[in-house]
$ cat query_17.tsv   # TSV, C-alpha atoms and all ligand atoms
chain	number	residue	atom	x	y	z
A	1	MET	CA	0.00	0.00	0.00
A	2	LYS	CA	2.79	2.36	0.89
A	3	ASN	CA	4.52	1.60	-2.41
A	4	ILE	CA	1.39	2.42	-4.34
A	5	LEU	CA	1.06	5.70	-2.50
A	6	SER	CA	4.67	6.69	-3.08
A	7	LEU	CA	4.43	5.74	-6.73
A	8	GLY	CA	1.37	7.91	-7.11
A	9	PHE	CA	3.11	10.73	-5.32
A	10	THR	CA	6.15	10.41	-7.58
A	11	LEU	CA	3.97	10.50	-10.65
A	12	PHE	CA	2.18	13.51	-9.27
A	13	LEU	CA	5.50	15.30	-8.75
A	14	ALA	CA	6.63	14.52	-12.25
A	15	VAL	CA	6.61	17.44	-14.61
A	16	THR	CA	3.88	16.98	-17.15
A	17	VAL	CA	4.68	18.58	-20.45
A	18	PHE	CA	2.86	17.99	-23.68
A	19	ALA	CA	2.68	19.82	-26.95
A	20	ALA	CA	-0.55	21.62	-27.79
A	21	GLY	CA	-0.18	23.80	-30.84
A	22	GLY	CA	3.05	25.51	-29.78
A	23	THR	CA	1.85	25.84	-26.23
A	24	GLU	CA	3.23	23.64	-23.48
A	25	THR	CA	1.38	22.76	-20.31
A	26	LEU	CA	3.38	22.29	-17.14
A	27	THR	CA	2.05	21.04	-13.81
A	28	LEU	CA	4.18	21.62	-10.74
A	29	LYS	CA	3.75	20.65	-7.11
A	30	THR	CA	4.14	23.81	-5.04
A	31	SER	CA	4.03	24.58	-1.33
A	32	ALA	CA	1.03	26.92	-1.66
A	33	VAL	CA	-1.43	26.66	1.25
A	34	CYS	CA	-3.85	29.60	1.01
A	35	GLY	CA	-5.40	32.21	-1.23
A	36	GLY	CA	-2.51	34.56	-0.54
A	37	CYS	CA	-0.06	31.93	-1.73
A	38	LYS	CA	-2.16	31.39	-4.84
A	39	VAL	CA	-2.13	35.09	-5.73
A	40	ARG	CA	1.60	35.38	-5.00
A	41	ILE	CA	2.57	32.44	-7.19
A	42	GLU	CA	0.17	33.19	-10.02
A	43	SER	CA	1.21	36.83	-10.26
A	44	ALA	CA	4.93	35.95	-10.13
A	45	VAL	CA	4.56	33.46	-12.96
A	46	LYS	CA	2.32	35.68	-15.05
A	47	GLU	CA	5.01	38.36	-15.04
A	48	LEU	CA	7.24	36.05	-17.07
A	49	PRO	CA	7.33	36.23	-20.86
A	50	GLY	CA	5.42	33.64	-22.85
A	51	ILE	CA	2.96	32.71	-20.10
A	52	LYS	CA	-0.61	32.20	-21.24
A	53	THR	CA	-2.21	31.01	-18.02
A	54	ALA	CA	-1.02	30.23	-14.49
A	55	THR	CA	-3.42	28.63	-12.03
A	56	VAL	CA	-2.80	27.31	-8.53
A	57	ASP	CA	-5.16	24.60	-7.29
A	58	LEU	CA	-5.26	24.89	-3.51
A	59	THR	CA	-6.75	21.44	-2.99
A	60	ASN	CA	-3.33	19.94	-3.72
A	61	GLY	CA	-1.00	22.93	-4.16
A	62	SER	CA	-0.46	22.23	-7.82
A	63	LEU	CA	0.38	24.97	-10.28
A	64	THR	CA	-0.65	24.52	-13.90
A	65	VAL	CA	1.01	26.80	-16.42
A	66	GLU	CA	0.38	27.13	-20.14
A	67	TYR	CA	3.36	28.73	-21.81
A	68	ARG	CA	5.16	29.15	-25.08
A	69	GLU	CA	8.21	26.91	-25.12
A	70	ARG	CA	10.13	29.26	-27.40
A	71	LYS	CA	9.87	32.11	-24.93
A	72	ILE	CA	10.44	30.44	-21.59
A	73	SER	CA	11.59	27.13	-20.13
A	74	ALA	CA	10.09	24.99	-17.39
A	75	ASP	CA	13.20	25.70	-15.30
A	76	ASP	CA	12.58	29.45	-15.52
A	77	ILE	CA	9.02	28.94	-14.32
A	78	LYS	CA	10.20	26.84	-11.38
A	79	LEU	CA	12.76	29.50	-10.53
A	80	ALA	CA	10.06	32.20	-10.51
A	81	VAL	CA	7.98	30.09	-8.10
A	82	SER	CA	11.07	29.62	-5.91
A	83	MET	CA	11.77	33.35	-5.94
A	84	ALA	CA	8.17	33.94	-4.82
A	85	GLY	CA	8.98	31.84	-1.74
A	86	TYR	CA	7.55	28.46	-2.70
A	87	SER	CA	8.93	25.13	-3.78
A	88	ALA	CA	8.26	23.87	-7.30
A	89	ASN	CA	8.78	20.13	-7.69
A	90	GLU	CA	12.48	19.50	-6.99
A	91	VAL	CA	13.32	23.20	-6.77
A	92	ALA	CA	13.27	24.45	-3.17
A	93	ALA	CA	11.90	27.84	-2.20
A	94	ASN	CA	14.39	30.70	-2.21
A	95	PRO	CA	15.26	31.02	1.52
A	96	GLU	CA	15.02	34.83	1.66
A	97	SER	CA	11.70	34.90	-0.19
A	98	TYR	CA	10.37	32.14	2.03
A	99	GLU	CA	11.37	34.04	5.18
A	100	ALA	CA	9.47	37.09	3.93
A	101	LEU	CA	6.19	35.16	3.64
A	102	PRO	CA	3.42	35.62	6.21
A	103	ALA	CA	3.78	33.05	9.02
A	104	CYS	CA	0.72	31.04	8.05
A	105	CYS	CA	2.05	30.53	4.53
A	106	LYS	CA	5.23	28.82	5.73
A	107	GLY	CA	3.71	25.62	7.03
A	108	SER	CA	2.83	22.60	5.00
A	109	LYS	CA	-0.51	22.45	6.80
A	110	LYS	CA	-3.39	24.58	5.64
A	111	SER	CA	-3.02	26.92	8.59
A	112	CYS	CA	-4.13	30.03	6.74
A	113	GLY	CA	-7.75	28.99	7.10
A	114	SER	CA	-10.07	29.53	4.20
A	115	LYS	CA	-9.09	29.55	0.59
B	201	CU	CU	-0.52	31.46	2.13
$ encode --input "query_17.tsv" --output "structure tokens" --more "lines below"
Ligand SMILES: [Cu+2]
Amino acid sequence: MKNILSLGFTLFLAVTVFAAGGTETLTLKTSAVCGGCKVRIESAVKELPGIKTATVDLTNGSLTVEYRERKISADDIKLAVSMAGYSANEVAANPESYEALPACCKGSKKSCGSK
């Protein structure tokens, strides 16, 4: 049972990229816990070039980004999430950005209350 769970978790963490008419879709596991996190991450990513959409799902902390591969790479998107203070798959949050977050956004539990 534990193996099945960890396999599922690994698959969930895996970067999902597929071609869709020049637009790539990337799904990342982030450390977002509340509506404030969602706004912070989405606005940080949307500032990047080539981003079409950026949406954080607070039920699981996932970030889905549609972007133009010619303009930006998945690594750049992960870096932007890190610089906003959140982890993105294997990329850890930038320590200084993380420290600057409100206290309730630092935990892995949903301690910020409502979405
Ligand atoms: Cu938060």
$ residues_near_ligand --input "query_17.tsv" --ligand "ligand CU 201 (chain B)" --cutoff "8 Å" --atoms "all atoms listed in the file" --output "MDAnalysis selection string"
chainID A and resid 32:38 101:102 104:106 112
$ residues_around --input "query_17.tsv" --residues "Thr30 in chain A" --least-positions-apart "5" --cutoff "9 Å" --atoms "only C-alpha atoms" --output "list in words"
Val56, Asn60, Gly61, Ser62, Leu63, Val81, Tyr86, Ser87, Ala88 and Asn89 of chain A
$ residues_around --input "query_17.tsv" --residues "Gly22 in chain A" --least-positions-apart "4" --cutoff "12 Å" --atoms "all atoms listed in the file" --output "compact mmCIF listing (two decimals) with C-alpha atoms, in the coordinates of the input"
# COMPACT_ATOMS: atom_id res chain seq x y z
CA VAL A 17 4.68 18.58 -20.45
CA PHE A 18 2.86 17.99 -23.68
CA GLY A 50 5.42 33.64 -22.85
CA LYS A 52 -0.61 32.20 -21.24
CA GLU A 66 0.38 27.13 -20.14
CA TYR A 67 3.36 28.73 -21.81
CA ARG A 68 5.16 29.15 -25.08
CA GLU A 69 8.21 26.91 -25.12
CA ARG A 70 10.13 29.26 -27.40
CA LYS A 71 9.87 32.11 -24.93
$ atom_distance --input "query_17.tsv" --atom1 "CA of Glu24 in chain A" --atom2 "CA of Asn94 in chain A"
25.0 Å
$ closest_residue --input "query_17.tsv" --among "A:Ser31, A:Tyr98, A:Glu90, A:Ser43" --to "Leu58 in chain A" --atoms "only C-alpha atoms"
A:Ser31
$ atom_distance --input "query_17.tsv" --atom1 "CA of Asp76 in chain A" --atom2 "CA of Ser6 in chain A"
27.1 Å
$ closest_residue --input "query_17.tsv" --among "A:Ala100, A:Leu48, A:Ile41, A:Val91" --to "Asp75 in chain A" --atoms "only C-alpha atoms"
A:Val91
$ atom_distance --input "query_17.tsv" --atom1 "CA of Thr64 in chain A" --atom2 "CA of Lys29 in chain A"
9.0 Å
$ residues_around --input "query_17.tsv" --residues "Ser97 in chain A" --least-positions-apart "5" --cutoff "8 Å" --atoms "all atoms listed in the file" --output "number ranges by chain"
A: 82-85
